[in-house]
file structure.pdb (PDB, C-alpha atoms)
ATOM      1  CA  MET A   1     -21.037 -17.856  18.767
ATOM      2  CA  LYS A   2     -21.809 -14.208  19.634
ATOM      3  CA  THR A   3     -19.001 -11.640  19.499
ATOM      4  CA  LEU A   4     -18.164  -9.484  22.534
ATOM      5  CA  LEU A   5     -16.003  -6.358  22.196
ATOM      6  CA  ILE A   6     -14.385  -5.223  25.474
ATOM      7  CA  VAL A   7     -13.025  -1.663  25.605
ATOM      8  CA  ASP A   8     -10.819  -0.713  28.576
ATOM      9  CA  ASP A   9      -7.410   0.964  28.843
ATOM     10  CA  ASP A  10      -6.411  -1.354  31.720
ATOM     11  CA  VAL A  11      -4.568  -4.097  29.792
ATOM     12  CA  PRO A  12      -4.347  -6.602  32.717
ATOM     13  CA  LEU A  13      -8.117  -6.204  33.228
ATOM     14  CA  LEU A  14      -8.684  -6.789  29.497
ATOM     15  CA  ASP A  15      -6.699 -10.016  29.745
ATOM     16  CA  SER A  16      -8.725 -11.105  32.790
ATOM     17  CA  LEU A  17     -12.034 -10.322  31.082
ATOM     18  CA  ARG A  18     -10.948 -12.170  27.950
ATOM     19  CA  PHE A  19     -10.415 -15.225  30.192
ATOM     20  CA  VAL A  20     -13.749 -14.701  32.026
ATOM     21  CA  PHE A  21     -15.741 -14.675  28.774
ATOM     22  CA  ARG A  22     -13.678 -17.307  26.938
ATOM     23  CA  GLY A  23     -15.905 -20.048  25.563
ATOM     24  CA  LEU A  24     -19.049 -17.928  25.995
ATOM     25  CA  TYR A  25     -18.276 -15.380  23.267
ATOM     26  CA  ASP A  26     -15.716 -14.639  20.589
ATOM     27  CA  VAL A  27     -13.862 -11.905  22.479
ATOM     28  CA  LEU A  28     -12.312  -8.850  20.825
ATOM     29  CA  THR A  29     -10.535  -6.093  22.791
ATOM     30  CA  ALA A  30      -9.594  -2.441  22.380
ATOM     31  CA  THR A  31      -7.818  -0.004  24.721
ATOM     32  CA  ALA A  32      -9.433   3.205  23.409
ATOM     33  CA  ALA A  33     -12.714   4.363  21.861
ATOM     34  CA  GLU A  34     -11.031   5.183  18.552
ATOM     35  CA  GLU A  35      -9.608   1.651  18.333
ATOM     36  CA  ALA A  36     -13.042   0.216  19.217
ATOM     37  CA  ALA A  37     -14.653   2.307  16.443
ATOM     38  CA  THR A  38     -12.211   0.734  13.954
ATOM     39  CA  VAL A  39     -13.130  -2.762  15.189
ATOM     40  CA  LEU A  40     -16.869  -1.984  14.911
ATOM     41  CA  ALA A  41     -16.405  -0.716  11.347
ATOM     42  CA  ARG A  42     -14.406  -3.805  10.387
ATOM     43  CA  GLN A  43     -16.600  -6.627  11.702
ATOM     44  CA  PRO A  44     -19.958  -7.424  13.317
ATOM     45  CA  VAL A  45     -20.146  -7.223  17.112
ATOM     46  CA  ASP A  46     -23.108  -8.533  19.143
ATOM     47  CA  VAL A  47     -22.436  -6.866  22.504
ATOM     48  CA  LEU A  48     -20.107  -4.130  23.775
ATOM     49  CA  LEU A  49     -18.518  -3.993  27.250
ATOM     50  CA  LEU A  50     -17.257  -0.424  27.610
ATOM     51  CA  ASP A  51     -15.297   1.370  30.331
ATOM     52  CA  ILE A  52     -16.485   4.910  31.060
ATOM     53  CA  HIS A  53     -13.002   6.353  31.647
ATOM     54  CA  LEU A  54     -10.855   6.016  28.521
ATOM     55  CA  PRO A  55      -7.972   8.021  27.076
ATOM     56  CA  GLY A  56      -9.069  10.455  24.349
ATOM     57  CA  MET A  57     -12.789  10.043  23.762
ATOM     58  CA  ASP A  58     -14.413   8.869  27.003
ATOM     59  CA  GLY A  59     -16.881   6.006  27.249
ATOM     60  CA  ILE A  60     -20.035   8.160  27.528
ATOM     61  CA  GLU A  61     -19.088  10.150  24.426
ATOM     62  CA  PHE A  62     -18.348   6.906  22.569
ATOM     63  CA  LEU A  63     -21.663   5.466  23.789
ATOM     64  CA  HIS A  64     -23.513   8.390  22.146
ATOM     65  CA  GLN A  65     -21.594   7.829  18.898
ATOM     66  CA  VAL A  66     -22.294   4.084  18.873
ATOM     67  CA  ARG A  67     -25.999   4.658  19.582
ATOM     68  CA  ARG A  68     -26.275   6.960  16.551
ATOM     69  CA  GLU A  69     -24.708   4.328  14.292
ATOM     70  CA  ARG A  70     -25.975   1.112  15.953
ATOM     71  CA  PRO A  71     -29.151   1.842  17.925
ATOM     72  CA  PHE A  72     -29.778  -1.795  18.889
ATOM     73  CA  LEU A  73     -26.247  -2.863  19.873
ATOM     74  CA  PRO A  74     -26.364  -4.096  23.492
ATOM     75  CA  ILE A  75     -23.921  -2.059  25.602
ATOM     76  CA  VAL A  76     -22.757  -2.656  29.174
ATOM     77  CA  MET A  77     -20.767   0.172  30.783
ATOM     78  CA  ILE A  78     -18.228  -0.477  33.557
ATOM     79  CA  SER A  79     -16.609   2.064  35.874
ATOM     80  CA  ALA A  80     -14.985   2.515  39.248
ATOM     81  CA  ALA A  81     -16.392   6.068  39.540
ATOM     82  CA  SER A  82     -17.670   6.974  42.988
ATOM     83  CA  SER A  83     -20.286   9.485  41.782
ATOM     84  CA  ILE A  84     -22.546   7.637  39.372
ATOM     85  CA  LYS A  85     -25.870   9.560  39.326
ATOM     86  CA  PRO A  86     -25.062  11.629  36.211
ATOM     87  CA  ILE A  87     -23.591   8.516  34.592
ATOM     88  CA  LEU A  88     -26.719   6.466  35.286
ATOM     89  CA  ARG A  89     -28.914   9.220  33.797
ATOM     90  CA  ALA A  90     -26.847   9.215  30.597
ATOM     91  CA  LEU A  91     -26.969   5.415  30.411
ATOM     92  CA  GLU A  92     -30.725   5.345  30.950
ATOM     93  CA  LEU A  93     -31.218   7.782  28.068
ATOM     94  CA  GLU A  94     -29.021   5.652  25.812
ATOM     95  CA  GLY A  95     -30.438   2.282  26.911
ATOM     96  CA  ALA A  96     -27.182   0.868  28.306
ATOM     97  CA  GLU A  97     -26.582  -1.387  31.301
ATOM     98  CA  TYR A  98     -24.074  -0.515  34.051
ATOM     99  CA  VAL A  99     -21.809  -2.554  36.343
ATOM    100  CA  ARG A 100     -19.566  -0.905  38.926
ATOM    101  CA  LYS A 101     -15.951  -1.982  39.503
ATOM    102  CA  PRO A 102     -14.842  -4.043  41.287
ATOM    103  CA  PHE A 103     -17.509  -6.360  39.951
ATOM    104  CA  ASP A 104     -18.567  -9.881  40.710
ATOM    105  CA  ILE A 105     -17.699 -12.054  37.690
ATOM    106  CA  ASP A 106     -20.996 -13.974  37.779
ATOM    107  CA  GLU A 107     -22.948 -10.724  37.980
ATOM    108  CA  LEU A 108     -21.004  -9.299  35.020
ATOM    109  CA  ARG A 109     -21.711 -12.411  32.929
ATOM    110  CA  LEU A 110     -25.397 -12.189  33.828
ATOM    111  CA  VAL A 111     -25.623  -8.476  32.955
ATOM    112  CA  VAL A 112     -23.941  -9.053  29.566
ATOM    113  CA  ALA A 113     -26.339 -11.940  28.820
ATOM    114  CA  ARG A 114     -29.333  -9.779  29.837
ATOM    115  CA  ALA A 115     -28.099  -6.931  27.642
ATOM    116  CA  LEU A 116     -27.956  -9.345  24.691
ATOM    117  CA  ARG A 117     -31.525 -10.535  25.320
ATOM    118  CA  LEU A 118     -32.777  -6.954  25.633
ATOM    119  CA  GLY A 119     -30.970  -5.978  22.420
ATOM    120  CA  ASP A 120     -32.616  -8.888  20.597
ATOM    121  CA  LEU A 121     -36.029  -7.772  21.867
ATOM    122  CA  ARG A 122     -35.432  -4.170  20.762
ATOM    123  CA  ARG A 123     -34.362  -5.332  17.319
ATOM    124  CA  ARG A 124     -37.417  -7.596  17.022
ATOM    125  CA  VAL A 125     -39.789  -4.783  18.028
ATOM    126  CA  ALA A 126     -38.211  -2.507  15.381
ATOM    127  CA  GLU A 127     -38.668  -5.234  12.753
ATOM    128  CA  LEU A 128     -42.327  -5.658  13.735
ATOM    129  CA  GLU A 129     -42.901  -1.893  13.577
ATOM    130  CA  GLN A 130     -41.341  -1.782  10.082
ATOM    131  CA  ALA A 131     -43.655  -4.626   9.073
ATOM    132  CA  GLY A 132     -46.646  -2.524  10.130
ATOM    133  CA  VAL A 133     -47.387  -4.211  13.464
ATOM    134  CA  PRO A 134     -48.646  -1.567  15.940
ATOM    135  CA  PRO A 135     -45.962  -0.518  18.453
ATOM    136  CA  VAL A 136     -45.995  -1.566  22.096
ATOM    137  CA  PRO A 137     -47.900   1.081  24.108
ATOM    138  CA  SER A 138     -45.477   3.448  25.837
ATOM    139  CA  ASP A 139     -47.879   4.202  28.675
ATOM    140  CA  LEU A 140     -47.092   0.965  30.522
ATOM    141  CA  PRO A 141     -45.952   1.332  34.155
ATOM    142  CA  GLU A 142     -42.509   2.986  34.375
ATOM    143  CA  GLY A 143     -42.713   3.778  30.630
ATOM    144  CA  LYS A 144     -40.219   0.973  29.927
ATOM    145  CA  PRO A 145     -42.140  -1.784  28.124
ATOM    146  CA  MET A 146     -39.018  -3.564  26.836
ATOM    147  CA  LYS A 147     -37.349  -3.796  30.250
ATOM    148  CA  ARG A 148     -40.654  -4.893  31.753
ATOM    149  CA  ALA A 149     -41.009  -7.689  29.182
ATOM    150  CA  VAL A 150     -37.478  -8.952  29.900
ATOM    151  CA  ASP A 151     -38.036  -8.744  33.672
ATOM    152  CA  ASP A 152     -41.349 -10.621  33.386
ATOM    153  CA  PHE A 153     -39.663 -13.351  31.334
ATOM    154  CA  GLU A 154     -36.782 -13.674  33.831
ATOM    155  CA  ARG A 155     -39.213 -13.653  36.779
ATOM    156  CA  ALA A 156     -41.209 -16.521  35.224
ATOM    157  CA  LEU A 157     -38.008 -18.446  34.486
ATOM    158  CA  ILE A 158     -36.758 -18.106  38.079
ATOM    159  CA  ARG A 159     -40.139 -19.092  39.550
ATOM    160  CA  LYS A 160     -40.265 -22.184  37.303
ATOM    161  CA  ALA A 161     -36.741 -23.192  38.365
ATOM    162  CA  LEU A 162     -37.625 -22.698  42.056
ATOM    163  CA  GLN A 163     -40.776 -24.768  41.599
ATOM    164  CA  ARG A 164     -38.839 -27.615  39.964
ATOM    165  CA  ALA A 165     -36.187 -27.427  42.700
ATOM    166  CA  ASN A 166     -38.861 -27.542  45.450
ATOM    167  CA  GLY A 167     -37.812 -24.071  46.618
ATOM    168  CA  VAL A 168     -34.138 -24.979  47.083
ATOM    169  CA  GLN A 169     -32.295 -21.960  45.716
ATOM    170  CA  THR A 170     -28.956 -23.728  45.237
ATOM    171  CA  ARG A 171     -30.580 -26.320  42.958
ATOM    172  CA  ALA A 172     -32.609 -23.661  41.126
ATOM    173  CA  ALA A 173     -29.418 -21.663  40.520
ATOM    174  CA  GLN A 174     -27.736 -24.758  39.051
ATOM    175  CA  MET A 175     -30.696 -25.278  36.709
ATOM    176  CA  LEU A 176     -30.376 -21.666  35.554
ATOM    177  CA  GLY A 177     -26.617 -21.934  35.082
ATOM    178  CA  THR A 178     -25.756 -19.348  37.720
ATOM    179  CA  THR A 179     -24.759 -19.119  41.385
ATOM    180  CA  ARG A 180     -27.033 -18.965  44.414
ATOM    181  CA  ARG A 181     -25.691 -15.478  45.183
ATOM    182  CA  ILE A 182     -26.635 -14.145  41.746
ATOM    183  CA  LEU A 183     -30.003 -15.904  41.910
ATOM    184  CA  ARG A 184     -30.761 -14.204  45.243
ATOM    185  CA  TYR A 185     -29.614 -10.878  43.781
ATOM    186  CA  ARG A 186     -31.984 -11.253  40.815
ATOM    187  CA  MET A 187     -34.838 -12.422  43.078
ATOM    188  CA  GLU A 188     -34.408  -9.287  45.168
ATOM    189  CA  LYS A 189     -34.337  -7.061  42.053
ATOM    190  CA  LEU A 190     -37.432  -8.765  40.627
ATOM    191  CA  ASP A 191     -39.371  -8.817  43.942
ATOM    192  CA  ILE A 192     -39.550 -12.605  44.105
ATOM    193  CA  PRO A 193     -40.135 -13.703  47.728
ATOM    194  CA  PHE A 194     -37.342 -15.609  49.507
ATOM    195  CA  ALA A 195     -39.167 -18.753  50.610
ATOM    196  CA  GLU A 196     -35.961 -20.523  51.607
ATOM    197  CA  SER A 197     -33.944 -19.297  54.598
TER     198      SER A 197
END
call {"tool": "encode", "arguments": {"input": "structure.pdb", "output": "structure tokens"}}
result
Amino acid sequence: MKTLLIVDDDVPLLDSLRFVFRGLYDVLTATAAEEAATVLARQPVDVLLLDIHLPGMDGIEFLHQVRRERPFLPIVMISAASSIKPILRALELEGAEYVRKPFDIDELRLVVARALRLGDLRRRVAELEQAGVPPVPSDLPEGKPMKRAVDDFERALIRKALQRANGVQTRAAQMLGTTRRILRYRMEKLDIPFAES
């Protein structure tokens, strides 16, 4: 089972998130960046769920530190901040996902799962480059070949589920292990037409 480290200074929220991800991941928690750094040094972690506003070192600063030490660790940032443009720019540069509080639990689970898949792809590309396989061209549309590959895979998966469910989104969502609301959200993000009303 993959290990998820959740870092947030809101202890009741930590307890709630531990419950939300129970059974999906081995869940570890920390209430500060310094505590999270100790956990990361002590044991392997597969994905990090990190609040932006923390006591002491804030989440963005910790994100930079983690990226230097673990470039392929999937990271999902969470925040209730109202002004997010500078935050999103920092996250884009560091290759992290972002979910705004208050969040939908199904959406948060989906974003964490996507971050894990993207991290696996990044790691695999690095391994191929070390083995002498030519790198993926960086001049693809949007200059984000990894994100594009993940989006293309998810788009194909959703279309296949819709085809098998005869266009019924509720059934397709069940096949994909998600809710109809999240399926519609992903369809909108991936420009998949809404055939069903």
call {"tool": "resolve_selection", "arguments": {"input": "structure.pdb", "expression": "the PyMOL selection byres ((chain A and resi 182-189) around 10)", "output": "PyMOL selection string"}}
result
chain A and resi 104+106-107+110+151+154-155+158-159+169-170+172-174+176-181+190-194
call {"tool": "write_last_selection", "arguments": {"input": "structure.pdb", "atoms": "C-alpha atoms", "output": "short mmCIF file (atom, residue, chain, number, x, y, z; two decimals), keeping the file's coordinate frame"}}
result
data_model
loop_
_atom_site.label_atom_id
_atom_site.label_comp_id
_atom_site.auth_asym_id
_atom_site.auth_seq_id
_atom_site.Cartn_x
_atom_site.Cartn_y
_atom_site.Cartn_z
CA ASP A 104 -18.57 -9.88 40.71
CA ASP A 106 -21.00 -13.97 37.78
CA GLU A 107 -22.95 -10.72 37.98
CA LEU A 110 -25.40 -12.19 33.83
CA ASP A 151 -38.04 -8.74 33.67
CA GLU A 154 -36.78 -13.67 33.83
CA ARG A 155 -39.21 -13.65 36.78
CA ILE A 158 -36.76 -18.11 38.08
CA ARG A 159 -40.14 -19.09 39.55
CA GLN A 169 -32.30 -21.96 45.72
CA THR A 170 -28.96 -23.73 45.24
CA ALA A 172 -32.61 -23.66 41.13
CA ALA A 173 -29.42 -21.66 40.52
CA GLN A 174 -27.74 -24.76 39.05
CA LEU A 176 -30.38 -21.67 35.55
CA GLY A 177 -26.62 -21.93 35.08
CA THR A 178 -25.76 -19.35 37.72
CA THR A 179 -24.76 -19.12 41.38
CA ARG A 180 -27.03 -18.96 44.41
CA ARG A 181 -25.69 -15.48 45.18
CA LEU A 190 -37.43 -8.76 40.63
CA ASP A 191 -39.37 -8.82 43.94
CA ILE A 192 -39.55 -12.60 44.10
CA PRO A 193 -40.14 -13.70 47.73
CA PHE A 194 -37.34 -15.61 49.51
#
call {"tool": "closest_residue", "arguments": {"input": "structure.pdb", "among": "A:Arg117, A:Arg109, A:Arg148, A:Lys2", "to": "Pro44 in chain A", "atoms": "all atoms listed in the file"}}
result
A:Lys2
call {"tool": "closest_residue", "arguments": {"input": "structure.pdb", "among": "A:Arg67, A:Thr31, A:Leu157, A:Pro55", "to": "Pro12 in chain A", "atoms": "only C-alpha atoms"}}
result
A:Thr31
call {"tool": "closest_residue", "arguments": {"input": "structure.pdb", "among": "A:Ser79, A:Gln130, A:Thr3, A:Gln163", "to": "Leu28 in chain A", "atoms": "only C-alpha atoms"}}
result
A:Thr3
call {"tool": "residues_around", "arguments": {"input": "structure.pdb", "residues": "range 48-50 of chain A", "least_positions_apart": "5", "cutoff": "10 Å", "atoms": "only C-alpha atoms", "output": "NGL selection string"}}
result
:A and (3-8 or 17 or 28-33 or 36 or 40 or 58-60 or 62-63 or 66 or 73-79 or 96-99 or 108 or 112 or 115-116)
call {"tool": "atom_distance", "arguments": {"input": "structure.pdb", "atom1": "CA of Pro71 in chain A", "atom2": "CA of Arg123 in chain A"}}
result
8.9 Å
